[in-house]
$ cat work-v9.tsv   # TSV, C-alpha atoms and all ligand atoms
chain	number	residue	atom	x	y	z
G	734	MET	CA	1.49	-24.62	32.06
G	735	LYS	CA	3.49	-21.43	32.40
G	736	ALA	CA	1.78	-18.52	30.65
G	737	LEU	CA	1.61	-14.75	30.54
G	738	VAL	CA	-1.58	-14.12	32.49
G	739	LEU	CA	-3.49	-10.85	32.65
G	740	GLU	CA	-4.98	-11.08	36.14
G	741	ARG	CA	-6.93	-7.86	35.84
G	742	GLU	CA	-6.37	-4.34	34.50
G	743	LYS	CA	-2.69	-3.38	34.93
G	744	GLU	CA	-1.60	-6.67	36.52
G	745	LEU	CA	0.37	-9.22	34.50
G	746	ASN	CA	2.13	-12.34	35.76
G	747	LEU	CA	4.21	-15.04	34.18
G	748	ARG	CA	2.84	-17.99	36.14
G	749	ASP	CA	1.37	-21.45	36.02
G	750	ILE	CA	-2.22	-21.69	34.89
G	751	ALA	CA	-4.37	-24.71	34.10
G	752	VAL	CA	-5.64	-24.63	30.51
G	753	ASP	CA	-7.98	-27.48	29.71
G	754	GLU	CA	-7.70	-28.28	26.01
G	755	PRO	CA	-9.00	-31.60	24.78
G	756	MET	CA	-7.64	-32.65	21.40
G	757	GLY	CA	-10.32	-33.38	18.79
G	758	ALA	CA	-9.95	-35.48	15.63
G	759	HIS	CA	-9.59	-32.34	13.49
G	760	ASP	CA	-7.21	-30.51	15.84
G	761	VAL	CA	-3.46	-30.14	16.00
G	762	LYS	CA	-1.26	-29.34	18.97
G	763	ILE	CA	1.30	-26.61	18.34
G	764	ARG	CA	4.44	-25.75	20.30
G	765	ILE	CA	4.47	-21.94	20.25
G	766	HIS	CA	7.67	-20.30	19.01
G	767	THR	CA	6.96	-16.59	18.50
G	768	VAL	CA	4.10	-14.31	19.55
G	769	GLY	CA	3.71	-10.68	18.48
G	770	ILE	CA	2.40	-8.10	20.91
G	771	CYS	CA	-0.69	-6.45	19.45
G	772	GLY	CA	-2.26	-3.12	20.35
G	773	SER	CA	-5.29	-5.03	21.58
G	774	ASP	CA	-3.17	-7.06	24.06
G	775	VAL	CA	-1.67	-3.82	25.35
G	776	HIS	CA	-5.12	-2.24	25.57
G	777	TYR	CA	-6.46	-5.11	27.68
G	778	TYR	CA	-3.40	-4.78	29.92
G	779	GLN	CA	-3.87	-1.04	30.39
G	780	HIS	CA	-7.65	-0.81	30.53
G	781	GLY	CA	-8.99	-4.32	31.25
G	782	ARG	CA	-11.48	-4.06	28.41
G	783	ILE	CA	-12.08	-3.19	24.77
G	784	GLY	CA	-15.61	-2.01	24.10
G	785	PRO	CA	-17.97	-4.76	25.22
G	786	PHE	CA	-15.15	-7.26	25.93
G	787	VAL	CA	-14.21	-7.11	29.62
G	788	VAL	CA	-11.50	-9.09	31.42
G	789	ASN	CA	-13.45	-10.57	34.34
G	790	ALA	CA	-11.15	-13.53	35.02
G	791	PRO	CA	-7.42	-14.21	34.53
G	792	MET	CA	-6.71	-14.50	30.80
G	793	VAL	CA	-3.60	-15.52	28.85
G	794	LEU	CA	-2.61	-12.80	26.36
G	795	GLY	CA	-1.29	-13.09	22.78
G	796	HIS	CA	-2.86	-13.93	19.43
G	797	GLU	CA	-0.21	-13.29	16.74
G	798	ALA	CA	1.58	-16.59	16.76
G	799	ALA	CA	3.71	-19.12	14.91
G	800	GLY	CA	5.08	-22.46	16.04
G	801	THR	CA	5.64	-26.13	15.29
G	802	VAL	CA	3.06	-28.90	15.08
G	803	VAL	CA	3.79	-31.56	17.72
G	804	GLU	CA	0.67	-33.72	17.52
G	805	VAL	CA	-2.20	-34.18	15.06
G	806	GLY	CA	-5.75	-35.49	15.53
G	807	SER	CA	-6.79	-38.74	13.85
G	808	ALA	CA	-8.68	-36.98	11.00
G	809	VAL	CA	-5.98	-34.42	10.15
G	810	LYS	CA	-4.57	-35.00	6.66
G	811	THR	CA	-2.93	-31.68	5.83
G	812	LEU	CA	-0.41	-31.31	8.67
G	813	LYS	CA	2.11	-33.53	10.44
G	814	PRO	CA	4.37	-33.23	13.49
G	815	GLY	CA	7.37	-31.05	12.70
G	816	ASP	CA	5.48	-28.71	10.33
G	817	ARG	CA	6.20	-25.05	10.99
G	818	VAL	CA	2.91	-23.14	11.04
G	819	CYS	CA	1.05	-19.93	11.80
G	820	MET	CA	-2.45	-19.87	13.18
G	821	GLU	CA	-5.58	-17.85	12.59
G	822	PRO	CA	-6.63	-16.84	16.12
G	823	GLY	CA	-10.40	-16.85	15.60
G	824	ILE	CA	-12.38	-20.08	15.60
G	825	PRO	CA	-15.89	-19.53	14.23
G	826	ASP	CA	-18.86	-21.80	14.76
G	827	PRO	CA	-18.95	-23.86	11.53
G	828	ASN	CA	-22.74	-24.03	11.70
G	829	SER	CA	-23.36	-20.32	12.08
G	830	ARG	CA	-25.11	-18.33	9.39
G	831	ALA	CA	-22.11	-15.97	9.10
G	832	THR	CA	-19.74	-18.89	8.52
G	833	GLN	CA	-22.07	-20.42	5.93
G	834	LEU	CA	-22.07	-17.09	4.09
G	835	GLY	CA	-18.26	-16.97	4.10
G	836	LEU	CA	-18.23	-14.12	6.63
G	837	TYR	CA	-16.76	-16.19	9.44
G	838	ASN	CA	-14.91	-13.20	10.89
G	839	LEU	CA	-18.34	-11.72	11.66
G	840	ASP	CA	-19.69	-14.80	13.42
G	841	PRO	CA	-21.00	-13.46	16.75
G	842	ALA	CA	-19.97	-16.76	18.35
G	843	VAL	CA	-16.35	-16.65	17.11
G	844	ARG	CA	-13.83	-17.64	19.79
G	845	PHE	CA	-10.82	-15.38	19.34
G	846	TRP	CA	-7.56	-15.80	21.28
G	847	ALA	CA	-6.98	-13.26	24.03
G	848	THR	CA	-10.46	-11.81	23.72
G	849	PRO	CA	-12.24	-12.43	27.02
G	850	PRO	CA	-12.99	-15.08	28.10
G	851	VAL	CA	-10.80	-16.98	25.59
G	852	HIS	CA	-7.15	-17.59	26.51
G	853	GLY	CA	-4.42	-16.38	24.17
G	854	VAL	CA	-1.20	-18.16	23.29
G	855	LEU	CA	1.64	-16.67	25.31
G	856	ARG	CA	2.20	-20.19	26.65
G	857	PRO	CA	4.15	-23.27	25.56
G	858	THR	CA	1.45	-25.11	23.58
G	859	VAL	CA	-2.03	-24.68	22.13
G	860	VAL	CA	-4.60	-27.03	20.61
G	861	HIS	CA	-6.15	-25.55	17.48
G	862	PRO	CA	-8.27	-26.67	14.50
G	863	ALA	CA	-6.11	-27.82	11.58
G	864	ALA	CA	-8.43	-25.80	9.31
G	865	PHE	CA	-7.11	-22.59	10.89
G	866	THR	CA	-3.47	-23.68	10.98
G	867	PHE	CA	-1.29	-22.85	7.96
G	868	LYS	CA	2.06	-24.29	6.96
G	869	LEU	CA	4.99	-21.89	6.63
G	870	PRO	CA	7.32	-22.39	3.65
G	871	ASP	CA	11.01	-22.93	4.51
G	872	ASN	CA	11.87	-19.33	3.56
G	873	VAL	CA	9.33	-17.80	5.97
G	874	SER	CA	10.62	-17.52	9.55
G	875	PHE	CA	8.62	-17.94	12.75
G	876	ALA	CA	8.93	-14.18	13.31
G	877	GLU	CA	7.38	-13.53	9.89
G	878	GLY	CA	4.79	-16.22	10.58
G	879	ALA	CA	3.72	-14.30	13.67
G	880	MET	CA	3.30	-11.21	11.44
G	881	VAL	CA	0.73	-12.96	9.23
G	882	GLU	CA	-2.03	-12.00	11.68
G	883	PRO	CA	-1.61	-8.21	11.42
G	884	LEU	CA	-0.74	-8.48	7.72
G	885	ALA	CA	-4.04	-10.29	7.19
G	886	VAL	CA	-5.86	-7.17	8.41
G	887	GLY	CA	-4.06	-5.04	5.81
G	888	MET	CA	-4.75	-7.56	3.09
G	889	HIS	CA	-8.41	-7.71	4.00
G	890	ALA	CA	-8.49	-3.91	3.75
G	891	ALA	CA	-6.78	-3.95	0.33
G	892	THR	CA	-9.25	-6.60	-0.83
G	893	LYS	CA	-12.22	-4.53	0.37
G	894	ALA	CA	-10.82	-1.50	-1.44
G	895	ALA	CA	-10.72	-3.51	-4.69
G	896	VAL	CA	-7.32	-2.08	-5.59
G	897	LYS	CA	-6.79	-1.58	-9.33
G	898	PRO	CA	-3.31	-1.60	-10.88
G	899	GLY	CA	-1.85	1.88	-10.66
G	900	ASP	CA	-4.09	3.21	-7.91
G	901	LEU	CA	-2.79	5.98	-5.67
G	902	ALA	CA	-3.56	5.25	-2.02
G	903	VAL	CA	-3.29	7.18	1.21
G	904	VAL	CA	-2.66	5.33	4.46
G	905	ILE	CA	-3.37	7.40	7.57
G	906	GLY	CA	-1.41	6.10	10.56
G	907	ALA	CA	2.05	4.49	10.46
G	908	GLY	CA	1.54	1.99	13.28
G	909	PRO	CA	1.86	-1.74	12.60
G	910	ILE	CA	-1.54	-1.94	10.90
G	911	GLY	CA	-0.89	1.15	8.75
G	912	MET	CA	2.45	-0.34	7.70
G	913	VAL	CA	1.03	-3.72	6.71
G	914	THR	CA	-1.89	-2.04	4.96
G	915	ALA	CA	0.57	-0.03	2.86
G	916	LEU	CA	2.48	-3.22	2.00
G	917	ALA	CA	-0.76	-5.00	1.11
G	918	ALA	CA	-1.95	-2.07	-1.02
G	919	LEU	CA	1.32	-2.04	-2.97
G	920	ALA	CA	1.26	-5.82	-3.42
G	921	ALA	CA	-2.33	-5.50	-4.67
G	922	GLY	CA	-1.23	-3.07	-7.37
G	923	CYS	CA	-1.10	0.46	-6.01
G	924	SER	CA	1.54	2.51	-7.80
G	925	ARG	CA	2.24	4.60	-4.72
G	926	VAL	CA	1.15	5.00	-1.13
G	927	ILE	CA	1.16	8.33	0.70
G	928	MET	CA	1.65	7.63	4.38
G	929	ALA	CA	0.54	10.14	7.00
G	930	ASP	CA	1.61	10.20	10.64
G	931	VAL	CA	3.17	12.50	13.23
G	932	GLN	CA	6.05	10.21	14.25
G	933	GLN	CA	9.00	10.90	11.95
G	934	PRO	CA	10.97	7.71	12.73
G	935	LYS	CA	7.98	5.59	11.66
G	936	LEU	CA	7.60	7.63	8.47
G	937	ASP	CA	11.31	7.22	7.75
G	938	LEU	CA	10.96	3.47	8.11
G	939	ALA	CA	7.84	3.43	5.90
G	940	ALA	CA	9.74	5.26	3.17
G	941	THR	CA	12.21	2.34	2.95
G	942	LEU	CA	9.49	-0.26	2.36
G	943	GLY	CA	8.60	0.59	-1.24
G	944	PRO	CA	7.10	3.46	-3.26
G	945	ILE	CA	5.82	5.15	-0.11
G	946	THR	CA	5.78	8.93	0.26
G	947	PRO	CA	5.87	9.93	3.93
G	948	VAL	CA	3.97	12.98	5.11
G	949	ASN	CA	4.47	14.30	8.63
G	950	VAL	CA	1.11	15.88	9.35
G	951	ALA	CA	2.64	17.91	12.19
G	952	SER	CA	4.33	20.09	9.60
G	953	GLU	CA	2.94	19.13	6.16
G	954	SER	CA	-0.48	18.90	4.55
G	955	VAL	CA	-1.59	15.49	3.27
G	956	VAL	CA	-4.20	17.17	1.08
G	957	SER	CA	-1.62	19.19	-0.80
G	958	LYS	CA	0.69	16.16	-1.15
G	959	VAL	CA	-2.20	14.16	-2.61
G	960	LYS	CA	-3.06	17.02	-4.97
G	961	THR	CA	0.55	17.31	-6.14
G	962	LEU	CA	0.87	13.58	-6.81
G	963	SER	CA	-2.51	13.26	-8.54
G	964	ASP	CA	-2.63	16.48	-10.60
G	965	GLY	CA	-5.34	17.77	-8.28
G	966	TRP	CA	-7.61	14.76	-8.81
G	967	GLY	CA	-7.33	13.06	-5.39
G	968	ALA	CA	-6.37	9.61	-4.14
G	969	ASP	CA	-8.16	6.53	-5.47
G	970	ILE	CA	-8.21	4.97	-2.01
G	971	VAL	CA	-7.88	6.20	1.56
G	972	PHE	CA	-7.13	3.64	4.26
G	973	GLU	CA	-7.87	5.16	7.67
G	974	CYS	CA	-5.61	3.23	10.07
G	975	SER	CA	-5.12	5.75	12.87
G	976	GLY	CA	-8.45	5.58	14.67
G	977	ASN	CA	-8.01	9.31	15.21
G	978	ALA	CA	-11.44	10.97	15.12
G	979	LYS	CA	-10.30	14.05	13.20
G	980	ALA	CA	-8.37	12.00	10.63
G	981	ALA	CA	-11.26	9.57	10.27
G	982	ALA	CA	-13.70	12.42	9.59
G	983	GLY	CA	-11.37	14.10	7.09
G	984	VAL	CA	-10.84	11.27	4.62
G	985	PHE	CA	-13.15	12.61	1.90
G	986	GLU	CA	-11.06	15.68	1.32
G	987	LEU	CA	-8.22	13.39	0.19
G	988	LEU	CA	-10.35	11.27	-2.08
G	989	CYS	CA	-10.87	11.45	-5.85
G	990	PRO	CA	-14.39	11.38	-7.32
G	991	GLY	CA	-15.58	7.76	-7.26
G	992	GLY	CA	-12.84	6.80	-4.79
G	993	ARG	CA	-12.94	4.28	-1.96
G	994	VAL	CA	-12.43	4.71	1.76
G	995	VAL	CA	-11.66	1.80	4.09
G	996	TYR	CA	-11.97	2.30	7.83
G	997	VAL	CA	-9.42	0.02	9.46
G	998	GLY	CA	-8.48	1.85	12.68
G	999	MET	CA	-10.91	1.74	15.57
G	1000	PRO	CA	-11.80	5.15	17.00
G	1001	GLY	CA	-12.36	5.12	20.74
G	1002	ALA	CA	-15.73	6.81	20.37
G	1003	PRO	CA	-18.28	7.41	17.58
G	1004	ILE	CA	-17.10	9.89	14.93
G	1005	ALA	CA	-19.11	12.30	12.82
G	1006	TYR	CA	-18.30	12.66	9.14
G	1007	ASP	CA	-19.42	14.96	6.36
G	1008	VAL	CA	-21.94	12.89	4.39
G	1009	VAL	CA	-22.38	15.58	1.74
G	1010	ALA	CA	-18.62	15.68	1.09
G	1011	ALA	CA	-18.78	11.91	0.62
G	1012	GLN	CA	-21.86	12.19	-1.61
G	1013	LEU	CA	-20.31	14.80	-3.87
G	1014	LYS	CA	-17.61	12.27	-4.69
G	1015	GLU	CA	-19.87	9.21	-4.53
G	1016	ALA	CA	-17.34	7.75	-2.16
G	1017	ARG	CA	-17.61	4.03	-1.53
G	1018	VAL	CA	-17.00	3.47	2.17
G	1019	GLU	CA	-15.92	0.09	3.49
G	1020	HIS	CA	-15.12	-1.23	6.95
G	1021	VAL	CA	-13.03	-4.17	8.05
G	1022	PHE	CA	-13.19	-6.32	11.14
G	1023	ARG	CA	-10.25	-8.70	11.36
G	1024	TYR	CA	-10.16	-10.80	8.13
G	1025	ALA	CA	-11.40	-13.94	6.47
G	1026	HIS	CA	-9.82	-16.28	3.88
G	1027	VAL	CA	-6.56	-14.33	3.86
G	1028	TYR	CA	-3.86	-16.36	5.66
G	1029	PRO	CA	-2.70	-18.56	2.74
G	1030	ARG	CA	-2.42	-15.47	0.52
G	1031	ALA	CA	-0.43	-13.57	3.16
G	1032	VAL	CA	1.97	-16.49	3.57
G	1033	ALA	CA	2.32	-16.77	-0.22
G	1034	LEU	CA	3.17	-13.08	-0.57
G	1035	MET	CA	5.86	-13.38	2.09
G	1036	SER	CA	7.30	-16.51	0.53
G	1037	SER	CA	7.40	-15.05	-2.99
G	1038	GLY	CA	9.14	-11.91	-1.73
G	1039	LYS	CA	6.34	-9.55	-2.79
G	1040	ILE	CA	5.85	-8.54	0.85
G	1041	ASP	CA	8.68	-8.22	3.37
G	1042	VAL	CA	7.52	-7.65	6.93
G	1043	LYS	CA	10.93	-8.19	8.53
G	1044	PRO	CA	11.78	-4.45	8.78
G	1045	LEU	CA	8.63	-3.99	10.89
G	1046	ILE	CA	9.83	-6.38	13.61
G	1047	THR	CA	11.83	-3.91	15.66
G	1048	ASN	CA	12.01	-5.47	19.14
G	1049	ARG	CA	12.37	-9.02	20.46
G	1050	PHE	CA	12.01	-10.31	24.01
G	1051	ALA	CA	12.47	-13.73	25.60
G	1052	PHE	CA	9.41	-15.38	27.16
G	1053	GLY	CA	10.91	-14.84	30.63
G	1054	GLN	CA	10.82	-11.07	29.96
G	1055	SER	CA	7.18	-11.03	28.87
G	1056	VAL	CA	6.05	-8.55	31.53
G	1057	GLU	CA	8.92	-6.20	30.60
G	1058	ALA	CA	7.98	-6.64	26.95
G	1059	PHE	CA	4.44	-5.48	27.69
G	1060	ASP	CA	5.63	-2.53	29.75
G	1061	PHE	CA	7.86	-1.61	26.79
G	1062	ALA	CA	4.92	-1.94	24.39
G	1063	CYS	CA	2.81	0.37	26.58
G	1064	LYS	CA	5.33	3.15	25.91
G	1065	MET	CA	6.44	2.18	22.41
G	1066	PRO	CA	9.23	4.53	21.28
G	1067	ALA	CA	8.64	6.27	17.97
G	1068	ASN	CA	11.22	4.09	16.21
G	1069	SER	CA	9.52	0.81	17.23
G	1070	VAL	CA	6.76	-0.85	15.23
G	1071	LYS	CA	6.30	-4.46	16.33
G	1072	ALA	CA	7.60	-6.19	19.43
G	1073	GLN	CA	7.63	-9.98	19.57
G	1074	ILE	CA	8.17	-12.54	22.32
G	1075	GLU	CA	10.13	-15.73	21.59
G	1076	LEU	CA	9.22	-18.82	23.58
G	1077	GLU	CA	12.03	-21.04	22.28
G	1101	ZN	ZN	-3.24	-8.40	16.43

$ encode --input "work-v9.tsv" --output "structure tokens" --more "lines below"
Ligand SMILES: [Zn+2]
Amino acid sequence: MKALVLEREKELNLRDIAVDEPMGAHDVKIRIHTVGICGSDVHYYQHGRIGPFVVNAPMVLGHEAAGTVVEVGSAVKTLKPGDRVCMEPGIPDPNSRATQLGLYNLDPAVRFWATPPVHGVLRPTVVHPAAFTFKLPDNVSFAEGAMVEPLAVGMHAATKAAVKPGDLAVVIGAGPIGMVTALAALAAGCSRVIMADVQQPKLDLAATLGPITPVNVASESVVSKVKTLSDGWGADIVFECSGNAKAAAGVFELLCPGGRVVYVGMPGAPIAYDVVAAQLKEARVEHVFRYAHVYPRAVALMSSGKIDVKPLITNRFAFGQSVEAFDFACKMPANSVKAQIELE
């Protein structure tokens, strides 16, 4: 089938590739409609690896996807051909200890789309377990369906933070994950989110999404903004979504006593942080890796109108322009957040 194949670092081709996918009794076959381009896809394209995951053989990219069910296995009861769906890209081993504990995102044996050596879904069809395939309500588009994957990360972060109604949160980093984390934090009950970044167009967009106060850290201090909005007390929650080492080390200064920090962004190298500063506030520090048990909730929030991701989808490309789409995503302009590729 024709697919967007990463041959090796810096070499992408739209070409035929054989993908052997037997259909099991509990699987469904999905015709792919829309795929979002994720920072991880771009990173594999530019560098051929992320941490321990190395592209050693041609691999199809793409893991943020929505489409239409075209075939169901004999044991599938929940889905039928014609259903519009989005898919969770990680398939854990059902017998693993992590899966049994409900931590299936941490299963070391998880097979995750477009993480070497597993093919992604920038291709016409995919076979996937029905258990990780979720129906989209009529009022949720394919484009929104393909946003469920990044939104799930933000929702997992908000869940880990244990948001309480009225909390004041800071989100550091206004990229796609920072944006969806802010939306998830507000949907979870935060009264306001302070969003910090250096790209003004992204901050301007963020400010239209809800009670979000943008702070351009190139010219303003987040600490003083937090102090002003919290009568000097500090933010209840800090979501670090930039992966920037300095930002990631500086979160405790923003935090209120007893506050929570969630590390969402992935720094490129180990960071050092001030343990005593964290101790003086008894900060609770959480980390997220992908998500678990979030997709149906993300779809429900979109369908009910509590979360609108549509303003974040800034650029669309046809499947035939996939290579151009990736070259665009490598040099994302400041006013772009999420680029998607449409296969139909
Ligand atoms: Zn992603």

$ residues_around --input "work-v9.tsv" --residues "G:Asn789" --least-positions-apart "3" --cutoff "8 Å" --atoms "only C-alpha atoms" --output "MDAnalysis selection string"
chainID G and resid 741 849:850

$ residues_around --input "work-v9.tsv" --residues "stretch 946-957 of chain G" --least-positions-apart "6" --cutoff "6 Å" --atoms "all atoms listed in the file" --output "PyMOL selection string"
chain G and resi 927-931+936+987

$ atom_distance --input "work-v9.tsv" --atom1 "atom CA of G:Arg856" --atom2 "atom CA of G:Leu739"
12.5 Å

$ residues_around --input "work-v9.tsv" --residues "stretch 768-770 of chain G" --least-positions-apart "4" --cutoff "6 Å" --atoms "only C-alpha atoms" --output "PyMOL selection string"
chain G and resi 797-798+879+1072-1074

$ residues_near_ligand --input "work-v9.tsv" --ligand "ligand ZN 1101 (chain G)" --cutoff "10 Å" --atoms "only C-alpha atoms and all ligand atoms" --output "list in words"
Val768, Gly769, Ile770, Cys771, Gly772, Ser773, Asp774, Gly795, His796, Glu797, Ala798, Pro822, Trp846, Ala847, Ala879, Met880, Val881, Glu882, Pro883, Leu884, Ala885, Val886, Pro909, Ile910 and Arg1023 of chain G

$ residues_near_point --input "work-v9.tsv" --point "(2.0, 1.8, -7.0)" --cutoff "9 Å" --atoms "all atoms listed in the file" --output "list in words"
Pro898, Gly899, Asp900, Leu901, Ala902, Ala918, Leu919, Ala920, Ala921, Gly922, Cys923, Ser924, Arg925, Val926, Gly943, Pro944 and Ile945 of chain G

$ closest_residue --input "work-v9.tsv" --among "G:Arg1030, G:His1020, G:Lys960, G:Lys813" --to "G:Val761" --atoms "only C-alpha atoms"
G:Lys813
